[in-house]
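Undergrad: I have a structure here, written as C-alpha cells, and I will follow up with some questions on it.
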Amino acid sequence: MTIAYHHDENLHSLVGAKAGMKHLLAEAGARSVLDVGCGTGTWLRAAQEAGVKEVMGVDGVAVEASVLHVREADRQVADLTKPWICDRRFDLAICLEVAEHLPLSSAPVLIDTLVAHADLICFSAACPDQPGENHINCQWPAWWQHLFNERGFACDDILRWRWWNDEQIEPWYRQNAFLARRSPHAGEEARIPNVVHPAMLDHLIAGRQNAIFEDHRAQIENGALSLKSSLMLPFRAVLAKGRRYFTSHQ
C-alpha cells in the first residue's frame, strides 16, 4: 500500500529528535534502536549521536539518499499496513506520529510489528482532530494502550511529562508520547489520560474547524442540508470570524 505522505513537505527537526532522545535514553537506556516509520532518520541520527551503536529504520515512503540522516543501509522501505519482520531484536523500538497515517484495520498489524522486535517501545500517534497529511486514524493514547495490553505490554506516560516543557521537542510528541513495556501485569495499569498540550491548541482548533467544514460540505453534496442552509454557511463563517477578531482585540 502506498502511503500518502511527503517527507519533504512535513519537516521534523533534528534538534527536537536530539532533545527527545536524550530524555528517552535516560529513561530507557539502549544499545540498539529500531524506528518504525523513521522518515528521513532524524531520531535514528539522534540515537547515534547519543551513543547508540546499532540503529535500523523502516518507513512506508521512499526518499532520496541525499536527505537521509543515516546510511541508506540502515533504512528499509516496507508496506507498514502489512507485517514486517527484521531478523533481529532491539533494546528499544520507537514509532512516532506514524500510526495515524495508516488505516484503522492496520493498527493491530503495526503494534504486532513493534512488539515482535522489542520489549520496550516508545509510541506516539496523533489524537482526534490533530491536523496533518493523510491523518486517517487519529486516536487517544488509551486506545493504543489497549492494543499493547492485549499483547502483554503495560503502558505509562512518564516520558510525556519529561518532554512536556522542553520547547526544542515538537509539541505533538510532547502531547502524545508514552512507553509500552512487556509485563506480566499488562492491563492492570492506569489508563493513559487524554491531555492537550497548550502548544497544540491552535493546531487542534484548526483541525476541528476543517473537520466541521468537510462535514458540512459532504452534507451539502449529499443533499442533507437545504439550499437555504447551504447559502447561509459562508455568511455564518464570516460572522464567526468577525466575533473571534473583535473578542481577541478587546
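Letters A, B, ... mark the chains of the C-alpha cells in the order given; residue numbers begin at 1 per chain; ligand numbers begin at 1, in order shown.
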Within 10 Å of A:Leu114, counting only C-alpha atoms, which residues show up once you throw out same-chain ones fewer than 3 positions away? Write them as a PyMOL selection string, please.

TA: chain A and resi 34-36+83-85+92-95+108-111+117-123+148

Undergrad: Save the residues we just selected, C-alpha atoms, as a PDB file, in the first residue's frame?

TA:
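Saved result, result.pdb, follows:
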ATOM      1  CA  LEU A  34      14.577   0.386  15.720  1.00  0.00           C
ATOM      2  CA  ASP A  35      12.464   3.233  14.328  1.00  0.00           C
ATOM      3  CA  VAL A  36       9.261   2.100  12.599  1.00  0.00           C
ATOM      4  CA  PRO A  83       3.501  -7.461   8.874  1.00  0.00           C
ATOM      5  CA  TRP A  84       7.182  -6.537   8.723  1.00  0.00           C
ATOM      6  CA  ILE A  85       9.870  -8.647  10.353  1.00  0.00           C
ATOM      7  CA  LEU A  92      14.197  -0.153  22.069  1.00  0.00           C
ATOM      8  CA  ALA A  93      11.663   0.367  19.277  1.00  0.00           C
ATOM      9  CA  ILE A  94      10.169   3.770  18.544  1.00  0.00           C
ATOM     10  CA  CYS A  95       7.137   4.653  16.435  1.00  0.00           C
ATOM     11  CA  PRO A 108      -3.122  -4.201  15.122  1.00  0.00           C
ATOM     12  CA  VAL A 109      -0.601  -5.073  12.390  1.00  0.00           C
ATOM     13  CA  LEU A 110       1.579  -2.088  13.290  1.00  0.00           C
ATOM     14  CA  ILE A 111       1.509  -2.938  17.002  1.00  0.00           C
ATOM     15  CA  HIS A 117      11.100  -6.514  17.766  1.00  0.00           C
ATOM     16  CA  ALA A 118      11.470  -5.080  21.280  1.00  0.00           C
ATOM     17  CA  ASP A 119      10.314  -5.393  24.884  1.00  0.00           C
ATOM     18  CA  LEU A 120      10.354  -1.599  25.287  1.00  0.00           C
ATOM     19  CA  ILE A 121       8.550   0.708  22.874  1.00  0.00           C
ATOM     20  CA  CYS A 122       8.199   4.473  22.685  1.00  0.00           C
ATOM     21  CA  PHE A 123       4.960   5.244  20.871  1.00  0.00           C
ATOM     22  CA  PHE A 148      -0.486  -3.055  23.652  1.00  0.00           C
TER      23      PHE A 148
END

Undergrad: Mind checking which residues fall within 7 Å of A:Ala30, counting only C-alpha atoms, ignoring those fewer than 4 positions away in the same chain, and posting them as a PyMOL selection string?

TA: chain A and resi 25+52+91-92

Undergrad: Using DSSP assignments from the backbone, pull out every residue in stretch 5-202 of chain A that falls under helix (DSSP H, G or I) and give it to me as a PyMOL selection string.

TA: chain A and resi 14-28+42-49+65-67+72-74+99-101+104-115+141-150+158-163+171-176+198-202

Undergrad: Quick one: everything within 12 Å of A:Ala73, counting only C-alpha atoms, minus sequence neighbours fewer than 4 positions away in the same chain. Send it as a compact mmCIF listing (two decimals) with N, CA and C atoms, in the first residue's frame.

TA:
# COMPACT_ATOMS: atom_id res chain seq x y z
N GLY A 41 15.10 9.75 9.10
CA GLY A 41 16.07 9.21 10.05
C GLY A 41 16.57 10.17 11.11
N GLU A 54 23.86 0.58 17.31
CA GLU A 54 23.14 -0.11 16.24
C GLU A 54 21.76 0.51 16.04
N VAL A 55 21.49 0.97 14.84
CA VAL A 55 20.18 1.56 14.54
C VAL A 55 19.65 0.97 13.24
N MET A 56 18.34 0.89 13.16
CA MET A 56 17.67 0.42 11.95
C MET A 56 16.35 1.16 11.83
N GLY A 57 16.01 1.58 10.63
CA GLY A 57 14.75 2.26 10.39
C GLY A 57 13.99 1.61 9.26
N VAL A 58 12.68 1.71 9.32
CA VAL A 58 11.82 1.24 8.24
C VAL A 58 10.73 2.28 8.04
N ALA A 65 18.44 9.56 -1.14
CA ALA A 65 19.53 9.34 -0.19
C ALA A 65 20.11 10.65 0.33
N LEU A 68 18.67 11.81 3.71
CA LEU A 68 18.72 10.92 4.87
C LEU A 68 19.74 11.39 5.90
N HIS A 69 19.42 11.16 7.17
CA HIS A 69 20.34 11.47 8.26
C HIS A 69 21.11 10.23 8.70
N VAL A 77 12.47 0.27 3.13
CA VAL A 77 11.12 0.70 2.75
C VAL A 77 10.23 -0.53 2.75

Undergrad: List the neighbours of stretch 171-174 of chain A out to 12 Å using only C-alpha atoms; skip same-chain residues closer than 5 positions along the sequence, and give me the result as a PyMOL selection string.

TA: chain A and resi 12-13+16-17+19-21+23-24+94-98+122-128+130-132+141+157-166+195-204

Undergrad: Take the residues that were just selected and, keeping C-alpha atoms, output them as a PDB file, in the first residue's frame.

TA:
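To be explicit, this is the file written out as selection_16.pdb:
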ATOM      1  CA  HIS A  12      10.753  17.131  11.548  1.00  0.00           C
ATOM      2  CA  SER A  13      13.746  18.721  13.210  1.00  0.00           C
ATOM      3  CA  GLY A  16      13.817  18.101  18.511  1.00  0.00           C
ATOM      4  CA  ALA A  17      14.874  14.497  17.966  1.00  0.00           C
ATOM      5  CA  ALA A  19      16.346  16.582  22.802  1.00  0.00           C
ATOM      6  CA  GLY A  20      13.709  13.861  22.825  1.00  0.00           C
ATOM      7  CA  MET A  21      16.223  11.033  22.523  1.00  0.00           C
ATOM      8  CA  HIS A  23      15.268  12.117  27.727  1.00  0.00           C
ATOM      9  CA  LEU A  24      14.286   8.763  26.257  1.00  0.00           C
ATOM     10  CA  ILE A  94      10.169   3.770  18.544  1.00  0.00           C
ATOM     11  CA  CYS A  95       7.137   4.653  16.435  1.00  0.00           C
ATOM     12  CA  LEU A  96       6.392   8.368  16.496  1.00  0.00           C
ATOM     13  CA  GLU A  97       3.407  10.032  14.800  1.00  0.00           C
ATOM     14  CA  VAL A  98       3.122   7.222  12.268  1.00  0.00           C
ATOM     15  CA  CYS A 122       8.199   4.473  22.685  1.00  0.00           C
ATOM     16  CA  PHE A 123       4.960   5.244  20.871  1.00  0.00           C
ATOM     17  CA  SER A 124       3.243   8.428  19.769  1.00  0.00           C
ATOM     18  CA  ALA A 125       0.234   8.908  17.491  1.00  0.00           C
ATOM     19  CA  ALA A 126      -1.994  11.857  16.596  1.00  0.00           C
ATOM     20  CA  CYS A 127      -5.021  12.484  18.788  1.00  0.00           C
ATOM     21  CA  PRO A 128      -8.523  13.174  17.400  1.00  0.00           C
ATOM     22  CA  GLN A 130      -4.985  16.734  15.125  1.00  0.00           C
ATOM     23  CA  PRO A 131      -4.377  18.039  11.595  1.00  0.00           C
ATOM     24  CA  GLY A 132      -1.777  16.575   9.288  1.00  0.00           C
ATOM     25  CA  PRO A 141      -3.330   7.128  23.756  1.00  0.00           C
ATOM     26  CA  ASP A 157       3.111   8.299  30.188  1.00  0.00           C
ATOM     27  CA  ILE A 158       6.133   9.219  32.326  1.00  0.00           C
ATOM     28  CA  LEU A 159       8.057  10.211  29.203  1.00  0.00           C
ATOM     29  CA  ARG A 160       5.348  12.651  28.145  1.00  0.00           C
ATOM     30  CA  TRP A 161       5.903  14.675  31.315  1.00  0.00           C
ATOM     31  CA  ARG A 162       9.672  14.615  30.909  1.00  0.00           C
ATOM     32  CA  TRP A 163       9.238  16.055  27.412  1.00  0.00           C
ATOM     33  CA  TRP A 164       6.353  18.367  28.327  1.00  0.00           C
ATOM     34  CA  ASN A 165       8.283  21.615  28.935  1.00  0.00           C
ATOM     35  CA  ASP A 166      11.142  21.025  26.504  1.00  0.00           C
ATOM     36  CA  VAL A 195      -4.456  15.621  27.577  1.00  0.00           C
ATOM     37  CA  VAL A 196      -3.887  18.517  25.205  1.00  0.00           C
ATOM     38  CA  HIS A 197      -0.608  20.390  25.279  1.00  0.00           C
ATOM     39  CA  PRO A 198      -1.064  24.197  25.301  1.00  0.00           C
ATOM     40  CA  ALA A 199       1.249  24.436  22.285  1.00  0.00           C
ATOM     41  CA  MET A 200      -1.140  22.164  20.367  1.00  0.00           C
ATOM     42  CA  LEU A 201      -4.338  24.144  20.959  1.00  0.00           C
ATOM     43  CA  ASP A 202      -4.152  26.187  17.754  1.00  0.00           C
ATOM     44  CA  HIS A 203      -3.413  23.040  15.734  1.00  0.00           C
ATOM     45  CA  LEU A 204      -6.359  21.160  17.232  1.00  0.00           C
TER      46      LEU A 204
END

Undergrad: One decimal, in Å: what's the spacing between atom CA of A:Arg89 and atom CA of A:Ala116?

TA: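 Computed distance, atom CA of A:Arg89 to atom CA of A:Ala116, equals 7.7 Å.
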
Undergrad: Considering only strand (DSSP E) as DSSP defines it on the backbone, what residues of stretch 35-233 of chain A qualify? List them as a ChimeraX atom specification.

TA: /A:35-36,54-59,75-77,92-96,120-124,153-156,178-182

Undergrad: To one decimal place in Å, what is the distance between atom CA of A:Gly37 and atom CA of A:Leu104?

TA: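 A separation of 16.3 Å between them.
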
Undergrad: State, in Å with one decimal place, the distance from atom CA of A:Ala190 to atom CA of A:Glu167.

TA: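 Going from atom CA of A:Ala190 over to atom CA of A:Glu167 covers 27.4 Å.
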
Undergrad: Excluding A:Arg191 and its own-chain neighbours fewer than 3 positions away, which residues fall within 10 Å of it when counting only C-alpha atoms? Please give them as a PDB file with N, CA and C atoms, in the first residue's frame.

TA:
ATOM      1  N   PRO A 141      -4.302   8.158  23.353  1.00  0.00           N
ATOM      2  CA  PRO A 141      -3.330   7.128  23.756  1.00  0.00           C
ATOM      3  C   PRO A 141      -3.955   5.873  24.356  1.00  0.00           C
ATOM      4  N   ALA A 142      -5.026   6.004  25.133  1.00  0.00           N
ATOM      5  CA  ALA A 142      -5.624   4.835  25.779  1.00  0.00           C
ATOM      6  C   ALA A 142      -6.140   3.813  24.758  1.00  0.00           C
ATOM      7  N   TRP A 143      -6.508   4.271  23.583  1.00  0.00           N
ATOM      8  CA  TRP A 143      -6.966   3.360  22.534  1.00  0.00           C
ATOM      9  C   TRP A 143      -5.817   2.460  22.104  1.00  0.00           C
ATOM     10  N   GLN A 145      -3.134   1.982  23.950  1.00  0.00           N
ATOM     11  CA  GLN A 145      -2.753   1.246  25.155  1.00  0.00           C
ATOM     12  C   GLN A 145      -3.462  -0.101  25.217  1.00  0.00           C
ATOM     13  N   HIS A 146      -4.730  -0.118  24.852  1.00  0.00           N
ATOM     14  CA  HIS A 146      -5.495  -1.367  24.859  1.00  0.00           C
ATOM     15  C   HIS A 146      -4.869  -2.395  23.915  1.00  0.00           C
ATOM     16  N   ALA A 154       2.476  -3.354  29.315  1.00  0.00           N
ATOM     17  CA  ALA A 154       1.895  -2.317  30.182  1.00  0.00           C
ATOM     18  C   ALA A 154       2.430  -0.960  29.729  1.00  0.00           C
ATOM     19  N   CYS A 155       1.630   0.086  29.882  1.00  0.00           N
ATOM     20  CA  CYS A 155       1.983   1.404  29.348  1.00  0.00           C
ATOM     21  C   CYS A 155       1.954   2.465  30.439  1.00  0.00           C
ATOM     22  N   ASP A 156       2.795   3.479  30.277  1.00  0.00           N
ATOM     23  CA  ASP A 156       2.757   4.643  31.169  1.00  0.00           C
ATOM     24  C   ASP A 156       3.182   5.876  30.390  1.00  0.00           C
ATOM     25  N   ASP A 157       2.815   7.046  30.901  1.00  0.00           N
ATOM     26  CA  ASP A 157       3.111   8.299  30.188  1.00  0.00           C
ATOM     27  C   ASP A 157       4.179   9.130  30.891  1.00  0.00           C
ATOM     28  N   GLY A 187      -2.320  -4.443  31.392  1.00  0.00           N
ATOM     29  CA  GLY A 187      -3.749  -4.209  31.522  1.00  0.00           C
ATOM     30  C   GLY A 187      -4.177  -3.809  32.913  1.00  0.00           C
ATOM     31  N   GLU A 188      -3.302  -3.996  33.897  1.00  0.00           N
ATOM     32  CA  GLU A 188      -3.633  -3.637  35.272  1.00  0.00           C
ATOM     33  C   GLU A 188      -3.282  -2.188  35.578  1.00  0.00           C
ATOM     34  N   ASN A 194      -6.341  11.488  28.538  1.00  0.00           N
ATOM     35  CA  ASN A 194      -6.395  12.358  27.367  1.00  0.00           C
ATOM     36  C   ASN A 194      -5.975  13.759  27.791  1.00  0.00           C
TER      37      ASN A 194
END
